[in-house]
Amino acid sequence: MKKITMITMLFMAMTMTTLSSCSKDDDDIDGITNNDDLNDGYDPLFSGPRDEYSSEAYDAKINGLFYQLIPKAKIAIVTAGNEWYEGHITIPSTIEHDGVEYTVTEITGNAFYYCENLRSLIISNSVTKIGYQAFYHCSRLRKLILPDDIEELPWGMCDMCHRLTEVHLPNRLRTLTSAFGECISLPSITLPEDLVEIGSGAFSYCNSLTTVVIPHHVSIIGSGAFAGCNNLESVRLPDNLSRVPNNCFANCPKLSNITLPNGIDAIGDDAFSGCESLTQLTIPDNVRSIGKRAFERCGFTTFTLPSGVTQIGSGIFFGCSQLKGVTSWPYNTLYGETFKDCTALEEFVIPEGVRQIGAVAFEGCTNLKTVSLPKSLTYIDYYVFRDCTSLKDVYCYCEELPRISPWDDIFSGSYIEYATLHVPASAIEKYKNKKPWNGFGSIVAL
């Protein structure tokens, strides 16, 4: 037992000595040096030999770089060798091996994967292809210069490069996939004019981005492309864009300046969810579809929906705590959770033409005092007005009682025994004899 204890203590002492010897260099970034993962210091775990699972077969090692060689084509491909890459690296356009000159044309997938001590990387213009996750989690990489002739950046290329602050993108780049996710130190990015597509999650959680200008040729943006960019304030979208995809700007709490192009015809699920600083947004007349929770927790006080909208998802204004009203509702169904927890809402007139109200549509609207239900209404789902604790007057224009959920709980927790129900004179007796309507303190004629 003593032997085991002594070994354990010795191991702990060695570990503490090793950790204390890993000092930081002079180019720490203020504000994130407390996170060990982002410490600019040298990491001995990623120095020297690589394990067999992260290395690949290679034909030559020249000036610290590992290459696969194709003699017939005189082509060299940069790959992961049996040692971790570190420091400042320039990939040349040509190399010489056994008296033969090879052109460097490619970097394999995972070639620099988890090279934690890599600081900068300059790639010559001879390289025309880069594999997926080539520079994944190079958390101390600060500078990346990419070759001009690459037209597509691969999936996960620089994901989790936490210290990356400078990137030069290829001039001929046309497709940018999910290449820079969680590059939390990237302050800005200049997108090439020939770019036509930005992939899903391309810049997600890039917390230092404040402004993005998307070139006018871009016609496709993938889901979550800028999700979680905590400091993003302003975005300029191109005229060629026809859709704002799912989660595109979700949880960008400082986004306050964005204009939707006139060509937009669809806004996806959660597209602007959590954009708390977004107080104004004009929806183009061409929009036909708005997805679920598209504007959840936005900062709107009023909102106008265009008359051409034919499809609206549930919860589009969920948690919009500043919202006081919506000037139109062009659809025949008011879906569930649409105004849930809209605590600034005091009065709401559901327009004629609406036939159904979905579950918990107004739940938690604690300042809602007055609501009007249209004559066209035929069905009210469960908990629609639950916990609307300030409710005083409900105006229901239905001569025939609308069907309600089997639980008779649409006004649960709203103290309707202290509220007044206003109904057509010809239908007063019907309402007085039917739950939950007969729970109102008084029922009077309109």
# chains A, B, ... in the order shown; residues from 1 in each chain; ligands from 1
>>> residues_around(residues="stretch 139-154 of chain A", least_positions_apart="6", cutoff="9 Å", atoms="only C-alpha atoms", output="ChimeraX atom specification")
/A:37-41,87,109,114-133,160-179,183,185,195
>>> write_last_selection(atoms="N, CA and C atoms", output="CSV table (one decimal), in the first residue's frame")
chain,number,residue,atom,x,y,z
A,37,ASP,N,-6.8,25.8,-22.5
A,37,ASP,CA,-6.9,25.3,-23.9
A,37,ASP,C,-6.4,26.4,-24.8
A,38,LEU,N,-6.5,27.7,-24.4
A,38,LEU,CA,-6.2,28.8,-25.3
A,38,LEU,C,-4.8,29.4,-24.9
A,39,ASN,N,-4.2,28.9,-23.9
A,39,ASN,CA,-2.9,29.4,-23.5
A,39,ASN,C,-1.9,29.3,-24.6
A,40,ASP,N,-1.2,30.4,-24.9
A,40,ASP,CA,-0.3,30.4,-26.0
A,40,ASP,C,1.0,29.6,-25.7
A,41,GLY,N,1.2,29.1,-24.5
A,41,GLY,CA,2.4,28.4,-24.1
A,41,GLY,C,2.6,27.1,-24.9
A,87,GLY,N,5.3,25.6,-34.8
A,87,GLY,CA,6.0,26.8,-35.1
A,87,GLY,C,5.4,27.5,-36.3
A,109,GLY,N,-6.5,15.6,-45.9
A,109,GLY,CA,-7.3,15.7,-44.8
A,109,GLY,C,-6.6,15.4,-43.5
A,114,TYR,N,-5.0,18.8,-35.0
A,114,TYR,CA,-4.6,18.9,-33.6
A,114,TYR,C,-3.1,19.3,-33.4
A,115,CYS,N,-2.6,20.0,-34.3
A,115,CYS,CA,-1.2,20.5,-34.2
A,115,CYS,C,-1.2,21.7,-33.3
A,116,GLU,N,-1.3,21.5,-32.0
A,116,GLU,CA,-1.5,22.6,-31.0
A,116,GLU,C,-0.4,23.6,-31.0
A,117,ASN,N,0.8,23.3,-31.4
A,117,ASN,CA,1.9,24.3,-31.4
A,117,ASN,C,2.2,24.9,-32.7
A,118,LEU,N,1.3,24.7,-33.7
A,118,LEU,CA,1.4,25.4,-34.9
A,118,LEU,C,1.0,26.9,-34.8
A,119,ARG,N,1.9,27.8,-35.2
A,119,ARG,CA,1.6,29.3,-35.0
A,119,ARG,C,1.2,30.0,-36.2
A,120,SER,N,1.8,29.7,-37.4
A,120,SER,CA,1.4,30.3,-38.6
A,120,SER,C,1.6,29.4,-39.8
A,121,LEU,N,0.8,29.6,-40.8
A,121,LEU,CA,0.9,28.7,-42.0
A,121,LEU,C,0.7,29.5,-43.3
A,122,ILE,N,1.7,29.5,-44.1
A,122,ILE,CA,1.6,30.1,-45.4
A,122,ILE,C,1.7,29.0,-46.5
A,123,ILE,N,0.7,29.0,-47.4
A,123,ILE,CA,0.6,27.9,-48.4
A,123,ILE,C,0.8,28.5,-49.8
A,124,SER,N,1.7,27.9,-50.5
A,124,SER,CA,2.1,28.5,-51.9
A,124,SER,C,0.9,28.3,-52.8
A,125,ASN,N,0.9,29.1,-53.9
A,125,ASN,CA,-0.2,29.0,-54.9
A,125,ASN,C,-0.2,27.8,-55.7
A,126,SER,N,0.8,26.9,-55.6
A,126,SER,CA,0.8,25.6,-56.4
A,126,SER,C,-0.3,24.7,-55.8
A,127,VAL,N,-0.7,24.9,-54.5
A,127,VAL,CA,-1.6,24.0,-53.9
A,127,VAL,C,-3.0,24.3,-54.4
A,128,THR,N,-3.7,23.3,-54.9
A,128,THR,CA,-5.1,23.5,-55.4
A,128,THR,C,-6.2,22.7,-54.7
A,129,LYS,N,-5.8,21.9,-53.7
A,129,LYS,CA,-6.7,21.1,-53.0
A,129,LYS,C,-6.3,21.0,-51.6
A,130,ILE,N,-7.3,21.1,-50.7
A,130,ILE,CA,-7.0,20.9,-49.2
A,130,ILE,C,-8.1,20.0,-48.7
A,131,GLY,N,-7.7,19.0,-48.0
A,131,GLY,CA,-8.6,17.9,-47.5
A,131,GLY,C,-9.4,18.4,-46.2
A,132,TYR,N,-10.4,17.6,-45.9
A,132,TYR,CA,-11.3,18.0,-44.8
A,132,TYR,C,-10.5,18.0,-43.5
A,133,GLN,N,-10.9,18.9,-42.6
A,133,GLN,CA,-10.3,19.1,-41.3
A,133,GLN,C,-8.8,19.2,-41.3
A,160,MET,N,-12.4,25.3,-34.7
A,160,MET,CA,-11.8,25.3,-33.3
A,160,MET,C,-10.3,25.7,-33.4
A,161,CYS,N,-10.0,26.6,-34.3
A,161,CYS,CA,-8.7,27.2,-34.3
A,161,CYS,C,-8.9,28.5,-33.5
A,162,HIS,N,-8.8,28.3,-32.2
A,162,HIS,CA,-9.3,29.4,-31.2
A,162,HIS,C,-8.5,30.7,-31.3
A,163,ARG,N,-7.2,30.6,-31.7
A,163,ARG,CA,-6.4,31.8,-31.7
A,163,ARG,C,-6.3,32.5,-33.1
A,164,LEU,N,-7.0,31.9,-34.1
A,164,LEU,CA,-6.8,32.4,-35.5
A,164,LEU,C,-7.4,33.9,-35.5
A,165,THR,N,-6.5,34.8,-36.0
A,165,THR,CA,-6.9,36.2,-36.1
A,165,THR,C,-6.7,36.7,-37.5
A,166,GLU,N,-5.9,36.1,-38.3
A,166,GLU,CA,-5.7,36.6,-39.7
A,166,GLU,C,-5.8,35.5,-40.7
A,167,VAL,N,-6.7,35.7,-41.7
A,167,VAL,CA,-6.9,34.7,-42.7
A,167,VAL,C,-7.0,35.4,-44.1
A,168,HIS,N,-6.2,34.9,-45.0
A,168,HIS,CA,-6.3,35.3,-46.4
A,168,HIS,C,-7.0,34.2,-47.2
A,169,LEU,N,-8.2,34.5,-47.7
A,169,LEU,CA,-8.9,33.5,-48.4
A,169,LEU,C,-8.5,33.6,-49.9
A,170,PRO,N,-8.7,32.5,-50.6
A,170,PRO,CA,-8.3,32.5,-52.1
A,170,PRO,C,-9.2,33.4,-52.9
A,171,ASN,N,-8.5,34.1,-53.8
A,171,ASN,CA,-9.3,35.0,-54.7
A,171,ASN,C,-10.3,34.4,-55.5
A,172,ARG,N,-10.1,33.1,-55.9
A,172,ARG,CA,-11.0,32.4,-56.8
A,172,ARG,C,-12.0,31.5,-56.0
A,173,LEU,N,-12.1,31.7,-54.7
A,173,LEU,CA,-12.9,30.9,-53.9
A,173,LEU,C,-14.4,31.0,-54.3
A,174,ARG,N,-15.1,29.9,-54.5
A,174,ARG,CA,-16.5,29.9,-54.9
A,174,ARG,C,-17.4,29.3,-53.8
A,175,THR,N,-16.9,28.3,-53.1
A,175,THR,CA,-17.7,27.6,-52.1
A,175,THR,C,-16.9,27.5,-50.8
A,176,LEU,N,-17.5,28.1,-49.8
A,176,LEU,CA,-16.9,28.0,-48.4
A,176,LEU,C,-17.8,27.2,-47.6
A,177,THR,N,-17.3,26.0,-47.2
A,177,THR,CA,-18.2,25.1,-46.4
A,177,THR,C,-18.0,25.5,-44.9
A,178,SER,N,-18.3,24.5,-44.0
A,178,SER,CA,-18.2,24.8,-42.6
A,178,SER,C,-16.8,24.8,-42.2
A,179,ALA,N,-16.1,25.9,-42.6
A,179,ALA,CA,-14.6,25.9,-42.5
A,179,ALA,C,-14.0,26.6,-41.2
A,183,CYS,N,-13.9,29.7,-34.4
A,183,CYS,CA,-12.7,30.5,-34.4
A,183,CYS,C,-13.0,31.7,-33.7
A,185,SER,N,-11.4,34.0,-32.0
A,185,SER,CA,-10.6,35.2,-32.0
A,185,SER,C,-10.6,35.9,-33.3
A,195,LEU,N,-17.3,34.5,-54.6
A,195,LEU,CA,-17.9,33.5,-53.7
A,195,LEU,C,-19.4,33.4,-54.1
>>> closest_residue(among="A:Trp84, A:Phe135, A:Phe339, A:Tyr102", to="A:Gln68", atoms="only C-alpha atoms")
A:Tyr102
>>> select_by_dssp(residues="stretch 303-437 of chain A", states="alpha helix (DSSP H)", output="number ranges by chain")
A: 428-432
>>> residues_around(residues="A:Glu337", least_positions_apart="4", cutoff="12 Å", atoms="only C-alpha atoms", output="PyMOL selection string")
chain A and resi 292-296+312-320+341-342+357-365+381-386
>>> select_by_dssp(residues="stretch 123-179 of chain A", states="strand (DSSP E)", output="list in words")
Ile123, Lys129, Ile130, Lys143, Leu144, Ile145, Glu152, Leu153, Glu166, Val167, His168, Thr175 and Leu176 of chain A
>>> residues_around(residues="A:Val371", least_positions_apart="4", cutoff="6 Å", atoms="only C-alpha atoms", output="ChimeraX atom specification")
/A:347-349,394
>>> write_last_selection(atoms="all heavy atoms", output="PDB file, in the first residue's frame")
ATOM      1  N   GLU A 347     -52.849  43.919 -25.422  1.00  0.00           N
ATOM      2  CA  GLU A 347     -54.122  43.759 -26.147  1.00  0.00           C
ATOM      3  C   GLU A 347     -53.838  43.052 -27.458  1.00  0.00           C
ATOM      4  O   GLU A 347     -52.839  43.323 -28.124  1.00  0.00           O
ATOM      5  CB  GLU A 347     -54.755  45.127 -26.411  1.00  0.00           C
ATOM      6  CG  GLU A 347     -56.067  45.068 -27.170  1.00  0.00           C
ATOM      7  CD  GLU A 347     -56.669  46.449 -27.405  1.00  0.00           C
ATOM      8  OE1 GLU A 347     -56.110  47.437 -26.894  1.00  0.00           O
ATOM      9  OE2 GLU A 347     -57.696  46.524 -28.105  1.00  0.00           O
ATOM     10  N   PHE A 348     -54.714  42.138 -27.827  1.00  0.00           N
ATOM     11  CA  PHE A 348     -54.513  41.460 -29.105  1.00  0.00           C
ATOM     12  C   PHE A 348     -55.864  41.139 -29.744  1.00  0.00           C
ATOM     13  O   PHE A 348     -56.746  40.554 -29.099  1.00  0.00           O
ATOM     14  CB  PHE A 348     -53.716  40.171 -28.928  1.00  0.00           C
ATOM     15  CG  PHE A 348     -53.110  39.683 -30.226  1.00  0.00           C
ATOM     16  CD1 PHE A 348     -51.870  40.145 -30.639  1.00  0.00           C
ATOM     17  CD2 PHE A 348     -53.802  38.809 -31.057  1.00  0.00           C
ATOM     18  CE1 PHE A 348     -51.310  39.727 -31.835  1.00  0.00           C
ATOM     19  CE2 PHE A 348     -53.265  38.390 -32.253  1.00  0.00           C
ATOM     20  CZ  PHE A 348     -52.009  38.860 -32.638  1.00  0.00           C
ATOM     21  N   VAL A 349     -55.967  41.530 -31.000  1.00  0.00           N
ATOM     22  CA  VAL A 349     -57.161  41.233 -31.789  1.00  0.00           C
ATOM     23  C   VAL A 349     -56.786  40.177 -32.816  1.00  0.00           C
ATOM     24  O   VAL A 349     -55.996  40.437 -33.729  1.00  0.00           O
ATOM     25  CB  VAL A 349     -57.705  42.496 -32.487  1.00  0.00           C
ATOM     26  CG1 VAL A 349     -58.900  42.132 -33.371  1.00  0.00           C
ATOM     27  CG2 VAL A 349     -58.087  43.555 -31.454  1.00  0.00           C
ATOM     28  N   VAL A 394     -62.488  39.316 -22.481  1.00  0.00           N
ATOM     29  CA  VAL A 394     -62.362  38.479 -23.666  1.00  0.00           C
ATOM     30  C   VAL A 394     -63.594  38.728 -24.529  1.00  0.00           C
ATOM     31  O   VAL A 394     -64.729  38.540 -24.075  1.00  0.00           O
ATOM     32  CB  VAL A 394     -62.251  36.989 -23.301  1.00  0.00           C
ATOM     33  CG1 VAL A 394     -62.279  36.131 -24.572  1.00  0.00           C
ATOM     34  CG2 VAL A 394     -60.985  36.727 -22.498  1.00  0.00           C
TER      35      VAL A 394
END
>>> closest_atom_pairs(of="stretch 301-384 of chain A", to="stretch 263-266 of chain A", cutoff="10 Å", atoms="only C-alpha atoms", output="Markdown table")
| residue | atom | partner | partner_atom | distance |
| --- | --- | --- | --- | --- |
| A:Gly308 | CA | A:Asp265 | CA | 9.9 |
| A:Val309 | CA | A:Asp265 | CA | 9.1 |
| A:Gln311 | CA | A:Ala266 | CA | 9.4 |
>>> write_last_selection(atoms="N, CA and C atoms", output="PDB file, in the first residue's frame")
ATOM      1  N   GLY A 308     -48.615  38.308 -48.319  1.00  0.00           N
ATOM      2  CA  GLY A 308     -48.417  37.137 -49.172  1.00  0.00           C
ATOM      3  C   GLY A 308     -47.940  35.888 -48.447  1.00  0.00           C
ATOM      4  N   VAL A 309     -47.690  35.987 -47.132  1.00  0.00           N
ATOM      5  CA  VAL A 309     -47.215  34.820 -46.393  1.00  0.00           C
ATOM      6  C   VAL A 309     -48.285  33.732 -46.374  1.00  0.00           C
ATOM      7  N   GLN A 311     -47.347  30.397 -45.207  1.00  0.00           N
ATOM      8  CA  GLN A 311     -46.975  29.369 -44.241  1.00  0.00           C
ATOM      9  C   GLN A 311     -46.197  30.017 -43.094  1.00  0.00           C
TER      10      GLN A 311
END
>>> residues_around(residues="A:Ala425", least_positions_apart="5", cutoff="8 Å", atoms="only C-alpha atoms", output="PyMOL selection string")
chain A and resi 444-446
>>> closest_residue(among="A:Tyr331, A:Ser188, A:Thr310, A:Asn367", to="A:Pro351", atoms="only C-alpha atoms")
A:Tyr331
>>> residues_around(residues="A:Leu278", least_positions_apart="2", cutoff="12 Å", atoms="only C-alpha atoms", output="ChimeraX atom specification")
/A:232-235,249-259,272-276,280-282,295-303,320,322-323
>>> atom_distance(atom1="atom CA of A:Leu345", atom2="atom CA of A:Lys375")
22.1 Å
>>> closest_residue(among="A:Ser328, A:Ser412, A:Pro192, A:Glu197", to="A:Val213", atoms="only C-alpha atoms")
A:Pro192
>>> atom_distance(atom1="atom CA of A:Ser277", atom2="atom CA of A:Val212")
16.6 Å
>>> residues_around(residues="A:Ile220", least_positions_apart="2", cutoff="9 Å", atoms="only C-alpha atoms", output="ChimeraX atom specification")
/A:196-199,218,222,240-245
>>> write_last_selection(atoms="N, CA and C atoms", output="mmCIF file, in the first residue's frame")
data_model
loop_
_atom_site.group_PDB
_atom_site.id
_atom_site.type_symbol
_atom_site.label_atom_id
_atom_site.label_comp_id
_atom_site.auth_asym_id
_atom_site.auth_seq_id
_atom_site.Cartn_x
_atom_site.Cartn_y
_atom_site.Cartn_z
ATOM 1 N N VAL A 196 -19.912 32.138 -54.185
ATOM 2 C CA VAL A 196 -21.328 31.926 -54.502
ATOM 3 C C VAL A 196 -22.059 31.150 -53.403
ATOM 4 N N GLU A 197 -21.325 30.480 -52.510
ATOM 5 C CA GLU A 197 -21.994 29.675 -51.484
ATOM 6 C C GLU A 197 -21.216 29.706 -50.172
ATOM 7 N N ILE A 198 -21.967 29.884 -49.092
ATOM 8 C CA ILE A 198 -21.423 29.792 -47.734
ATOM 9 C C ILE A 198 -22.110 28.619 -47.057
ATOM 10 N N GLY A 199 -21.347 27.664 -46.581
ATOM 11 C CA GLY A 199 -21.899 26.418 -46.076
ATOM 12 C C GLY A 199 -22.443 26.504 -44.655
ATOM 13 N N VAL A 218 -23.222 35.677 -53.903
ATOM 14 C CA VAL A 218 -23.660 34.589 -53.027
ATOM 15 C C VAL A 218 -25.166 34.405 -53.143
ATOM 16 N N GLY A 222 -25.799 28.337 -45.913
ATOM 17 C CA GLY A 222 -26.223 27.136 -45.209
ATOM 18 C C GLY A 222 -26.751 27.420 -43.813
ATOM 19 N N ASN A 240 -28.828 38.466 -54.395
ATOM 20 C CA ASN A 240 -29.098 37.166 -55.024
ATOM 21 C C ASN A 240 -29.675 36.132 -54.059
ATOM 22 N N LEU A 241 -29.670 36.430 -52.790
ATOM 23 C CA LEU A 241 -30.115 35.459 -51.790
ATOM 24 C C LEU A 241 -31.637 35.322 -51.823
ATOM 25 N N SER A 242 -32.118 34.070 -51.822
ATOM 26 C CA SER A 242 -33.561 33.837 -51.865
ATOM 27 C C SER A 242 -34.107 33.268 -50.564
ATOM 28 N N ARG A 243 -33.225 32.860 -49.646
ATOM 29 C CA ARG A 243 -33.685 32.239 -48.414
ATOM 30 C C ARG A 243 -32.721 32.545 -47.265
ATOM 31 N N VAL A 244 -33.288 32.867 -46.120
ATOM 32 C CA VAL A 244 -32.501 32.927 -44.886
ATOM 33 C C VAL A 244 -32.676 31.564 -44.218
ATOM 34 N N PRO A 245 -31.631 30.761 -44.139
ATOM 35 C CA PRO A 245 -31.794 29.356 -43.736
ATOM 36 C C PRO A 245 -32.011 29.181 -42.230
#
